[in-house]
Each structure stands twice: as structure tokens, then as C-alpha cells.
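Heads up, the thing below is written out as C-alpha cells.
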2 protein chains.
Amino acid sequence: MKDLSFINDIKSMAVIGTSAKRNFFFLKNHQESFKGSLYAINPTVKEIPDFPKENIYKSIKEVPGKVDFAFITVPAKQVLPVIDECVEKGVKLVSIFTAEFSDAGTKEGIELEKELLTRADNKIRILGPNGMGLFYPKLGIAWRGFFPNTPGNIGLIAQSGGMCNIAIYTSMELGFNFSKVFSFGNGADLDFVDLLYFLSNDPETKVILLYIEGIKDNRFDALKEVLSQNKKPIVALKGGVSETGSKAVRTHTASISGNNKIWSALFKQYNIIEVDSLEQLLYTAQIIDFYGVNEFKNVAVFSISGGYGVVLVDLIEKYGMNVPPFSNEIQLKLDEKFFINGTSSNNPLDVAAQMFHSHTLVEIVDTALSDKKIDTLIMDMPSWYFDPKYYITRDTNFNENIEKVFKLGLKRYKPLFPIIQEAHCPEVSIRIARKLNQNKIAIYRNPLDFIPLLPKITIYKRKSLSK
Amino acid sequence: MKDLSFINDIKSMAVIGTSAKRNFFFLKNHQESFKGSLYAINPTVKEIPDFPKENIYKSIKEVPGKVDFAFITVPAKQVLPVIDECVEKGVKLVSIFTAEFSDAGTKEGIELEKELLTRADNKIRILGPNGMGLFYPKLGIAWRGFFPNTPGNIGLIAQSGGMCNIAIYTSMELGFNFSKVFSFGNGADLDFVDLLYFLSNDPETKVILLYIEGIKDNRFDALKEVLSQNKKPIVALKGGVSETGSKAVRTHTASISGNNKIWSALFKQYNIIEVDSLEQLLYTAQIIDFYGVNEFKNVAVFSISGGYGVVLVDLIEKYGMNVPPFSNEIQLKLDEKFFINGTSSNNPLDVAAQMFHSHTLVEIVDTALSDKKIDTLIMDMPSWYFDPKYYITRDTNFNENIEKVFKLGLKRYKPLFPIIQEAHCPEVSIRIARKLNQNKIAIYRNPLDFIPLLPKITIYKRKSLSK
């Protein structure tokens, strides 16, 4: 396996081929965030707005100090000489954004990619061609502007740069952070297996997300070897599981999507959590990042509307979890806390008209969570209730108390999932979700966004324990 | 069957039992919107802030003119004399908000409800007790403040007022409108079957939404009779399909949820679209309201990120639809419009780096939709692309052109579904969704919000055609 541990130590980088035509796009993005020495390489550019002139060079060979990493964005036919220079300079890793290699599907492109590997000769590691390369917030390596600068524990590997962009920007709102993201494009040198091996052993990465379109047939054994050693949770989205999807994968990345039965069996064998969409991939990452790997078996439900609570129960049981009666002792305590007609102190809890006695809601949820039998609590709270003009009775501490309710999961070390229905106040939902996600409380607007994911995490937990 | 056609002609209403304790909540809500004569009835109240003194009466009997409808919110033990007075006055319909009738599960409550029916003696129709009654935007009958005042074609029946509140407020953001909403609570007089009969024959209602917890066993034949006559699309959410959910229904509304196999068979027999959540119920209403009842068989996919496009294709085919090749003639036209490397002019269309040549996107989508084979188009567009600071190349008409793209479905009479991934700019998604939903273009943020609903509508269409 290829050793990539040097990545954690990158101190200097160059953007090769930066040009005025794209407003020095990739250089400027890195200038915003990169914490080491940054060089701009272009044989004809002498000045770049707001960039130190002394860091502009005609060739990477002219840079006085070391260069650990280079982002290459020169036209395809100039890539080979650039690689020669990078090898000569002792660059450890390059990321080739340039396309028109094997991705073009032409004989010339395929030949060019082969020649690239020959020239690199294992002296330099390559991400790409036709990929965005590396996002590494700790060091500020970021191919796009406005990427987050907080390092986290989640790693992501995908061929597609577009998928990585959506994932990275979405993480900012969901409140989790990435350790490293790799968009490896054609995977000429570093492929899916190499990068998985790296993240699986990377001390900065605790959970691994994958978007897989396919791998070369001769890499399957290596993949199994990496997976058999892996000890971290892996969440995978397989692209091309349908017939047309599989054809589209061949157009998109020229990789063999392969027989999907083989992939399903592999995911099962190596206890990989499989999801159906990019949104599910990110929500699963959020849940594991905030709460660790949990068993979600017995669920308490708390609802403002009895009807909505009933539907929640149906969904929870549809996805294989239970909404059991509370323990006797807990039930007696709960009974005492309900004092308004039309409420129900059983599981599912239905607070109905008692909702604007919000101090009692804090006690009710805390008591429910204190039941040893209960693994998690799911509750609904429509967005408009956060606006006093919708109160039926006066309850000046409503917002404050509901925030206390939302935080009770952290106190009891049990995931508590609030559903804030957007209704006609989506901005309120966003404001509250943003605030609480930053507090590591996962908020959803639609129960189907997260309920189907919980049993997947449970199965992972059980299988990893039984190992 | 009970004749409720007089509802469309309500000209006057009274709120009986309005009190300072709740800040005249229900009176004030109706005052905001009701278009006829509104009276406040309370034996001890002489003045109500900002309410005409001459419309306050001690008893409904004292109101000089006719009263068609009364909203009753007096304590349970005062309901019977109030009903006597309403009958005497010739009120046609009352909505009883008061609880503690059969919903309490006590002998007294059950007796009280029986006595209520005896006193009403079919001379007056009753919604409730323990329900919110009627929302009728055309006349401004609205139990809550800030309800929308635009009449539409969608009817909704639910026992639960909470479900109705979420549905009504959500409709404002989704851009569809209700004809009438009924929250019938205990359904002592008017029950689920009566109201379905009414909406099924109501000229103002084109689509019927149901949230059903259950009905009395002796009403099943009447329900079948109504369904066998019905010619409108019905979308149903059955609460209590799980074991615990079914128990919760008994607590919540004291109705018999019944054997779910019977309900499933009924939905199948009468071509009722069944959904799993309130969100799905409302999204289905939105799709049918905007586009009518369509067959979604052959889907064109248009993506900015090839990877996201592949996942969309997988989801579309998972839910039984196809992403077929374009017709030869259309394919030739499309081929001409793609000029940047790394794009794909086949279905799924992958515009990749061509996205900031946005005038070509208008031509591409229009050409794809012109294919006779294609029923609908699903596209993705991450939120941040609407902000020029994220553009890689200059494209000053991007926003304008993308809006043109979104509207091409209306031009071609084929549903076009944009997915705007929120990522880190959820406010942008909301702004665009709000604007386009008002233009009757359904926008989603997550493909799983709507893709699973399309085959349900297709099945409805096919079965209704084959009748």
C-alpha cells in the first residue's frame, strides 16, 4: 500500500498554471485559507492582484525552498513536462485538475494517462487527473472559496468533485466537520483503495464516507484487504446501482461500476452502512459525529399534535424500532406531570394543550429519557410556536424552556431528535437548526430524513460488537 | 347522507364562549378574516378590545339576524344548553372545540356526547366535540390566526387539529391552497364519511386529502358507498398502521383504528393514493395541484454534478421509473449544444463545466423536454450557484437563465422538478422555492422528498384511466 502519511505534514504548496482567464481561481481559493507557504507558477504571469510578487515563479524548479504539494491546472498537453519538474523538485503529492486523460475515452487520453504514471515513477503521488484533489481544513488546503476552516473527524472519498462540493458546503450547516476530503477523479495513481487505506489509518479521521462509482477489477482483492483491517465506521453511497445509472457511471468516470450484487455482498460482509442518497450519507455522518455509534431500539416519542405523534410511531415501527411502554416507576412519575385534559402520559407522549406550560415539558422529557429502557427520543415542534404571536396562553419562557428540552439528550447521553416542521416559517427552522447543530444537536425538518437511517446505525453497532 | 351544501353559503357566524382568559383567541382569529357578520356570545362579557360592542350578546338567541354557523368554546357542562339555544335560533352548523366528551374515555363523557346528539336531533349539524372545526378561506372561516386567505382546490379531512394546522401553514410555503379543511375531533355527528361525501361532491374541491385514524365499524359500508361514487383523486395518510400506533390512536381519538389489512385493501380497491407521512401527503397535493394527475414513466435527468446525476438515476429507477435514451432526432440536436469536455449529452444530461454558459442550458432543457418519449425532467442545482461570488467564469445572465430553465416545464406542459440543494445557503433555497412555488413550479431540496411519490401518482392515473 502507498504511504500517504506525509499529507498530514504538508507545509508548502504551489498552484501550477494559475491564470488570469479564470481570475486565478484556484490560487485565490488557497490564498484565502492555506496556512503554509503558497507559490503561484506560470511562465508568463508577472503580477497577480493582492498576491505577493515574490511568490510568483515561472517554474516550480525556481522556488527556493521545498514544495510538498502542487495543484496542477495547466492544459492537458503541458501536464507531462510539469510532472517531470515536480518530480525533480521533490514534490510529494500533486493534484491534477486538468481533464482529457482517460476520462475523454480516447486512445490519446488513455495513452497520456499511462505516460503520466511512467513519468511519475512512484516518486510522486498523484490525485486525479480530472479531480479536485484534496480538501484539508486543518492546513487550509481548499480547492474552492468559502470552504469551512474548522477541522473535524469525518473523512470523505469520492471521484466526483461536484459531490464533494455539496458535501463540504452542507457540512457547514449540519454542524459537522471534515478531517480530509479526496476527489480523486480518474484515480490514475491514487485510487479509491489507496485513499481508503490512508483514511482507515489516519489518526485525524474517525468516520469514513464513500461515494463509489466503481473500481478496477484488479483492485477488488486490495479493497477487501483494506476493509478487513479497518476498524472505523464506513458509510457508503454506491452510484450506478441501477441499469441506466451504471451506464452513466461509465460516461462520467470511465470506471467499471461492476455487478451490484458483488457490492452489496461486500458492504454486508465488511459491515459498511449503505445509504441511498447524498443527503442520507451526510445525515448519517452528522448522527454518528454528534452521538457516536448508538443502538436505536426503544424510542420515546413526544408530540405536540397527537396525530403527528401517531404517524411518528408508525414510521419508527415501520423501520424496525419499538415505541415501548415506559417502565412502571417512570410512568408513575410522568403521570404526575400531566394535568391538562386531552394529554397522554404514555409513550407516545402527547402534550397537546399543555405545551404552553413549557417548564413541565422540560420535566416530562427529562423523566422519559431517564428510563433505562429508552435509547432515544424523537419529538415534533412546529416552527411557528417559537413566535409568541402564535401562543394561545402566555408562556414567556417558552423558547428558553424548549431549548432546554432539546439539550436534554446531551445531559442524558441519549440522542434526542427534534423535528421542527418548517410550515410557513422556514427561516425560523433554519435559525434554530443552525444554532442547535452547532451545539451538536441534530435537528430535522422531515422525519423521513433521519428515521430510516437509525436502524442502519443500529445494525452497524451490533455487528461491530459481535466481532 | 347528510346534506352539507349550505356550508358554501355561510353568511354569519358566532363565537360562543369567547373569553378574556384566552385573549378572545378564536373570536380574534375569525375577526381577522371572516367576510360575513361575526358575533361574540358571552353572558358576562360587555366589552372586547377592538371588537364592535353592538355585536356582543349574552346569548345567541339575542342576535337580531340569522346565524348560520357557531364556534363553541364554552366548558363541557355548558355545551348542552348552548346547543339547545343554537337549535332554537336555527343555526345550521356548530363546531365544538370543547373537549371532555367521548374523548375523555369516561362514562360521563360518553353520556354527554350521546345527550348532545339527542338535543341536536338532526336539526343542526355538529363538527366535534374536541375538534377545530372548519377552515374555509373563501369565506374567511379560520380557527387560527395568520391562516392563508386564498381559496384553492384542495380539501382536507382529519380528526386532529394539530395535523390540520401544520398542513394549512405548510400549504402557504408550498404554494397550493385549500378549498376547505375539516378537523372533526370526536366526530359525534359529522364524521369522516359524511365529510368525505361532502368534499367528493363539492364543486370547489378537486383533490381530497385524508388523515384517517379510524372509523366506527358500522360506517364501513357507508364509506365504501361514498368511495365507489367518488371521481376525485384522494390521497390518504393512515395513522395507527403500527401496533403501538394503533394503541396511540385509541388514546388520541377513541376511534377504532381497525385491521390495517382492511384499510390497505380499501385503498387499493378504490384507487386511493396512500402515503407514509404528513410531509408526503402535502407534497403529493402540491404535485397534483400544480401539474394535474400525470404519468411519470420516462424521466430526463439534468445534473450539474455527474455524480449527483448518477444517484438521481439510481433513485428514479429504484422507484420504478425509467431514464431512457433520447429519441435519435432529439439526441442529435442535443449533441450540437454540448461543446465543453467532460459533459454528456445523453440521458442523464451532465452539463459539468458548461453550466456557466447558461443560455445553452435553456436550449438543452427545452430540447430534452420536447422529446415525445419524455414525461418529466428532474434537475439538480446547488443553492450557492445563485450567488455570483461562486461563479468560476463570468455569466451575468445566470440567474435569469436558470429561472427560464425552471419554467420550461410549464411551457412544455411537462412537470419539471428542480432540486436545489440547500448546502450552506438554505436561505437562498427558501427564497427561490418560495418564488417558484408561487409560480406553480414545485421545487425540492431533497430528491427523496418527491421521487417516491411520482409512481404513486402514475398508478392512480393508470387505474383511473382503465375504469
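The chains in the C-alpha cells are called A, B, ... from first to last as shown; in each chain the residues are counted from 1, and the ligands are counted from 1 in the order shown.
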
Review point. Any idea what's packed within 8 Å of region 396-399 of chain B, counting only C-alpha atoms, ignoring anything in its chain fewer than 4 positions away? Could you give it as a PyMOL selection string?
Key: chain B and resi 356-359+386+403

**Study point:** Selection: 8 Å around region 133-149 of chain A, only C-alpha atoms, excl. self and same-chain fewer than 4 positions, as a ChimeraX atom specification
**Key:** /A:10,26,28-30,32-36,71,95-97,127-128,168-169,172,177-185 /B:390

**Study point:** DSSP strand (DSSP E or B) residues within region 287-460 of chain A, as an MDAnalysis selection string
**Key:** chainID A and resid 298:303 322 344 349:350 376:380 416:419 444

Review point. So, counting only C-alpha atoms, which residue among B:Val365, B:Ala442, B:Ala248, B:Ile432 is closest to chain A?
Key: B:Ala248

Point to revise | Selection: 10 Å around Leu361 (chain A), only C-alpha atoms, excl. self and same-chain fewer than 4 positions, as a PyMOL selection string | key: chain A and resi 302+337-338+351+354-357+365-367+398+401-402+404-405

Selection to disk with N, CA and C atoms, as a PDB file, in the first residue's frame:
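selection.pdb, written as the output of this step:
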```pdb
ATOM      1  N   PHE A 302     -42.461  12.158  21.634  1.00  0.00           N
ATOM      2  CA  PHE A 302     -43.057  13.300  22.327  1.00  0.00           C
ATOM      3  C   PHE A 302     -43.667  14.180  21.254  1.00  0.00           C
ATOM      4  N   LYS A 337     -47.005  14.542  36.029  1.00  0.00           N
ATOM      5  CA  LYS A 337     -46.619  15.793  35.364  1.00  0.00           C
ATOM      6  C   LYS A 337     -47.634  16.274  34.322  1.00  0.00           C
ATOM      7  N   PHE A 338     -48.622  15.441  34.034  1.00  0.00           N
ATOM      8  CA  PHE A 338     -49.649  15.825  33.055  1.00  0.00           C
ATOM      9  C   PHE A 338     -50.903  16.239  33.798  1.00  0.00           C
ATOM     10  N   VAL A 351     -48.513  16.038  24.511  1.00  0.00           N
ATOM     11  CA  VAL A 351     -48.685  17.130  25.475  1.00  0.00           C
ATOM     12  C   VAL A 351     -49.844  18.063  25.127  1.00  0.00           C
ATOM     13  N   GLN A 354     -51.032  21.291  26.854  1.00  0.00           N
ATOM     14  CA  GLN A 354     -50.099  21.598  27.948  1.00  0.00           C
ATOM     15  C   GLN A 354     -48.805  22.243  27.448  1.00  0.00           C
ATOM     16  N   MET A 355     -48.695  22.381  26.111  1.00  0.00           N
ATOM     17  CA  MET A 355     -47.408  22.823  25.574  1.00  0.00           C
ATOM     18  C   MET A 355     -46.977  24.200  26.049  1.00  0.00           C
ATOM     19  N   PHE A 356     -47.945  25.083  26.353  1.00  0.00           N
ATOM     20  CA  PHE A 356     -47.544  26.408  26.818  1.00  0.00           C
ATOM     21  C   PHE A 356     -47.388  26.484  28.337  1.00  0.00           C
ATOM     22  N   HIS A 357     -47.283  25.320  28.969  1.00  0.00           N
ATOM     23  CA  HIS A 357     -46.751  25.235  30.337  1.00  0.00           C
ATOM     24  C   HIS A 357     -45.371  24.614  30.161  1.00  0.00           C
ATOM     25  N   VAL A 365     -39.752  15.473  29.438  1.00  0.00           N
ATOM     26  CA  VAL A 365     -38.746  14.866  28.550  1.00  0.00           C
ATOM     27  C   VAL A 365     -37.582  14.308  29.370  1.00  0.00           C
ATOM     28  N   ASP A 366     -37.185  15.029  30.404  1.00  0.00           N
ATOM     29  CA  ASP A 366     -36.079  14.534  31.235  1.00  0.00           C
ATOM     30  C   ASP A 366     -36.462  13.209  31.894  1.00  0.00           C
ATOM     31  N   THR A 367     -37.674  13.118  32.378  1.00  0.00           N
ATOM     32  CA  THR A 367     -38.128  11.877  33.014  1.00  0.00           C
ATOM     33  C   THR A 367     -38.170  10.732  31.999  1.00  0.00           C
ATOM     34  N   PHE A 398     -41.171  30.162  27.028  1.00  0.00           N
ATOM     35  CA  PHE A 398     -41.325  29.050  26.089  1.00  0.00           C
ATOM     36  C   PHE A 398     -40.036  28.747  25.322  1.00  0.00           C
ATOM     37  N   ASN A 401     -37.295  27.371  27.545  1.00  0.00           N
ATOM     38  CA  ASN A 401     -37.579  26.010  28.026  1.00  0.00           C
ATOM     39  C   ASN A 401     -37.446  24.975  26.906  1.00  0.00           C
ATOM     40  N   ILE A 402     -37.903  25.311  25.714  1.00  0.00           N
ATOM     41  CA  ILE A 402     -37.804  24.352  24.611  1.00  0.00           C
ATOM     42  C   ILE A 402     -36.332  24.103  24.275  1.00  0.00           C
ATOM     43  N   LYS A 404     -33.970  24.159  26.424  1.00  0.00           N
ATOM     44  CA  LYS A 404     -33.556  23.218  27.486  1.00  0.00           C
ATOM     45  C   LYS A 404     -33.980  21.791  27.137  1.00  0.00           C
ATOM     46  N   VAL A 405     -35.215  21.655  26.640  1.00  0.00           N
ATOM     47  CA  VAL A 405     -35.715  20.324  26.247  1.00  0.00           C
ATOM     48  C   VAL A 405     -34.784  19.713  25.204  1.00  0.00           C
TER      49      VAL A 405
END
```

Exercise for review: Give me the residues within 12 Å of Gly155 (chain B) as a ChimeraX atom specification, counting only C-alpha atoms and dropping any in the same chain fewer than 5 places off.
Suggested key: /B:134-137,164,167-168,171,176-183,195-211,232-236,281-282,285,289

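Put simply, CA of Ile451 (chain A) is 12.1 Å away from CA of Asn322 (chain A).
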
**Study point:** Spatial neighbours of Ala188 (chain A), max dist 12 Å, only C-alpha atoms, sep filter under 6 positions, as a VMD selection string
**Key:** chain A and resid 94 to 96 99 101 to 103 109 to 118 120 122 125 to 131 159 194 215 to 216 253 to 255

Please produce a file of the residues just selected, as a short mmCIF file (atom, residue, chain, number, x, y, z; two decimals), in the first residue's frame, where the atoms kept are N, CA, C and O atoms.
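Output (part_19.cif):
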```cif
data_model
loop_
_atom_site.label_atom_id
_atom_site.label_comp_id
_atom_site.auth_asym_id
_atom_site.auth_seq_id
_atom_site.Cartn_x
_atom_site.Cartn_y
_atom_site.Cartn_z
N VAL A 94 0.84 15.63 -6.07
CA VAL A 94 0.20 16.60 -6.95
C VAL A 94 -1.28 16.25 -7.10
O VAL A 94 -1.67 15.09 -7.01
N SER A 95 -2.05 17.29 -7.33
CA SER A 95 -3.47 17.11 -7.61
C SER A 95 -3.68 17.70 -9.00
O SER A 95 -3.42 18.88 -9.22
N ILE A 96 -4.09 16.85 -9.95
CA ILE A 96 -4.23 17.31 -11.34
C ILE A 96 -5.71 17.56 -11.64
O ILE A 96 -6.51 16.63 -11.73
N ALA A 99 -8.48 17.88 -17.21
CA ALA A 99 -9.17 16.69 -17.74
C ALA A 99 -8.59 16.33 -19.10
O ALA A 99 -7.51 16.81 -19.47
N PHE A 101 -7.80 13.15 -20.01
CA PHE A 101 -6.93 11.97 -19.94
C PHE A 101 -7.82 10.76 -20.21
O PHE A 101 -8.62 10.80 -21.15
N SER A 102 -7.76 9.74 -19.40
CA SER A 102 -8.60 8.57 -19.68
C SER A 102 -10.09 8.91 -19.65
O SER A 102 -10.91 8.23 -20.26
N ASP A 103 -10.44 9.99 -18.93
CA ASP A 103 -11.84 10.42 -18.87
C ASP A 103 -12.42 10.73 -20.24
O ASP A 103 -13.63 10.65 -20.46
N GLY A 109 -6.01 10.06 -24.87
CA GLY A 109 -6.19 10.34 -23.44
C GLY A 109 -5.67 9.20 -22.58
O GLY A 109 -4.99 9.42 -21.57
N ILE A 110 -6.00 7.99 -23.00
CA ILE A 110 -5.58 6.81 -22.23
C ILE A 110 -4.05 6.69 -22.25
O ILE A 110 -3.41 6.43 -21.22
N GLU A 111 -3.47 6.96 -23.42
CA GLU A 111 -2.00 6.91 -23.55
C GLU A 111 -1.35 7.97 -22.67
O GLU A 111 -0.33 7.72 -22.02
N LEU A 112 -1.95 9.17 -22.68
CA LEU A 112 -1.40 10.29 -21.91
C LEU A 112 -1.38 9.93 -20.42
O LEU A 112 -0.42 10.22 -19.70
N GLU A 113 -2.43 9.26 -19.96
CA GLU A 113 -2.52 8.91 -18.55
C GLU A 113 -1.47 7.85 -18.19
O GLU A 113 -0.86 7.91 -17.12
N LYS A 114 -1.27 6.91 -19.12
CA LYS A 114 -0.22 5.89 -18.90
C LYS A 114 1.14 6.53 -18.80
O LYS A 114 1.95 6.22 -17.93
N GLU A 115 1.42 7.45 -19.73
CA GLU A 115 2.71 8.13 -19.77
C GLU A 115 2.92 8.95 -18.49
O GLU A 115 4.04 9.03 -17.96
N LEU A 116 1.82 9.52 -17.99
CA LEU A 116 1.87 10.30 -16.74
C LEU A 116 2.40 9.43 -15.61
O LEU A 116 3.28 9.84 -14.84
N LEU A 117 1.88 8.20 -15.52
CA LEU A 117 2.31 7.29 -14.45
C LEU A 117 3.77 6.89 -14.62
O LEU A 117 4.52 6.79 -13.64
N THR A 118 4.15 6.68 -15.88
CA THR A 118 5.54 6.32 -16.16
C THR A 118 6.48 7.43 -15.69
O THR A 118 7.49 7.20 -15.01
N ALA A 120 5.86 9.75 -13.47
CA ALA A 120 5.80 9.91 -12.01
C ALA A 120 6.66 8.84 -11.35
O ALA A 120 7.33 9.09 -10.34
N ASN A 122 6.29 6.47 -9.37
CA ASN A 122 6.14 6.25 -7.92
C ASN A 122 7.00 7.16 -7.05
O ASN A 122 7.09 6.96 -5.84
N ARG A 125 3.21 11.13 -5.71
CA ARG A 125 1.85 10.60 -5.70
C ARG A 125 0.92 11.59 -6.40
O ARG A 125 1.11 12.80 -6.30
N ILE A 126 -0.07 11.02 -7.12
CA ILE A 126 -0.96 11.84 -7.95
C ILE A 126 -2.42 11.65 -7.55
O ILE A 126 -2.90 10.52 -7.46
N LEU A 127 -3.12 12.78 -7.32
CA LEU A 127 -4.59 12.77 -7.23
C LEU A 127 -5.10 13.28 -8.56
O LEU A 127 -4.66 14.32 -9.04
N GLY A 128 -6.02 12.57 -9.19
CA GLY A 128 -6.53 12.97 -10.50
C GLY A 128 -5.96 12.08 -11.58
O GLY A 128 -5.58 10.95 -11.27
N PRO A 129 -5.86 12.53 -12.81
CA PRO A 129 -6.37 13.81 -13.34
C PRO A 129 -7.91 13.88 -13.25
O PRO A 129 -8.53 12.90 -12.87
N ASN A 130 -8.43 15.07 -13.61
CA ASN A 130 -9.87 15.23 -13.69
C ASN A 130 -10.53 15.14 -12.31
O ASN A 130 -11.63 14.62 -12.18
N GLY A 131 -9.84 15.62 -11.30
CA GLY A 131 -10.43 15.63 -9.95
C GLY A 131 -10.10 16.94 -9.28
O GLY A 131 -9.30 17.74 -9.78
N GLN A 159 -14.93 10.15 -6.34
CA GLN A 159 -14.31 10.55 -7.59
C GLN A 159 -14.74 11.98 -7.92
O GLN A 159 -13.94 12.83 -8.28
N ASP A 194 -6.41 3.06 -2.28
CA ASP A 194 -5.28 3.72 -1.60
C ASP A 194 -5.77 4.74 -0.58
O ASP A 194 -5.25 4.84 0.52
N ILE A 215 -14.56 0.47 -9.10
CA ILE A 215 -13.10 0.36 -9.07
C ILE A 215 -12.68 -0.62 -10.15
O ILE A 215 -13.50 -1.36 -10.69
N LYS A 216 -11.41 -0.61 -10.46
CA LYS A 216 -10.91 -1.55 -11.45
C LYS A 216 -10.99 -2.97 -10.88
O LYS A 216 -10.76 -3.18 -9.69
N THR A 253 -17.11 8.58 -15.32
CA THR A 253 -15.76 8.40 -14.81
C THR A 253 -15.01 7.25 -15.45
O THR A 253 -13.91 6.92 -15.02
N ALA A 254 -15.61 6.63 -16.45
CA ALA A 254 -14.92 5.55 -17.14
C ALA A 254 -14.52 4.42 -16.19
O ALA A 254 -13.62 3.66 -16.48
N SER A 255 -15.18 4.34 -15.02
CA SER A 255 -14.85 3.22 -14.15
C SER A 255 -15.92 2.14 -14.28
O SER A 255 -17.05 2.41 -14.70
#
```

Point to revise | Non-local contacts of region 52-66 of chain B (12 Å; only C-alpha atoms; under 3 positions in same chain excluded) as an NGL selection string | key: :B and (10-19 or 27-28 or 31 or 36-49 or 69-72 or 81-92)

Exercise for review: Mind listing the helix (DSSP H, G or I) residues of region 290-403 of chain B, per DSSP on the backbone, as number ranges by chain?
Suggested key: B: 290-291, 306-318, 328-337, 352-356, 358-369, 383-386, 388-390, 398-403

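Minimum atom-to-atom distance to chain A, evaluated using only C-alpha atoms, belongs to B:Glu100 out of B:Glu363, B:Glu100, B:Glu108, B:Asp371.
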
Practice item. Determine, counting only C-alpha atoms, which protein, DNA and RNA residues have an atom within 9 Å of an atom of Pro324 (chain A); residues of the same chain fewer than 6 positions away are not included. Present the result as a ChimeraX atom specification. Key: /A:298-300,347-348,373-374 /B:244

Exercise for review: Tell me which of B:Ala368, B:Leu465, B:Leu334, B:Ile304 sits closest to chain A, counting only C-alpha atoms.
Suggested key: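 Closest residue, counting only C-alpha atoms: B:Ile304.
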
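Proximity of A:Met381, A:Leu408, A:Ala265, A:Val249 to chain B, computed with only C-alpha atoms, is greatest for A:Val249.
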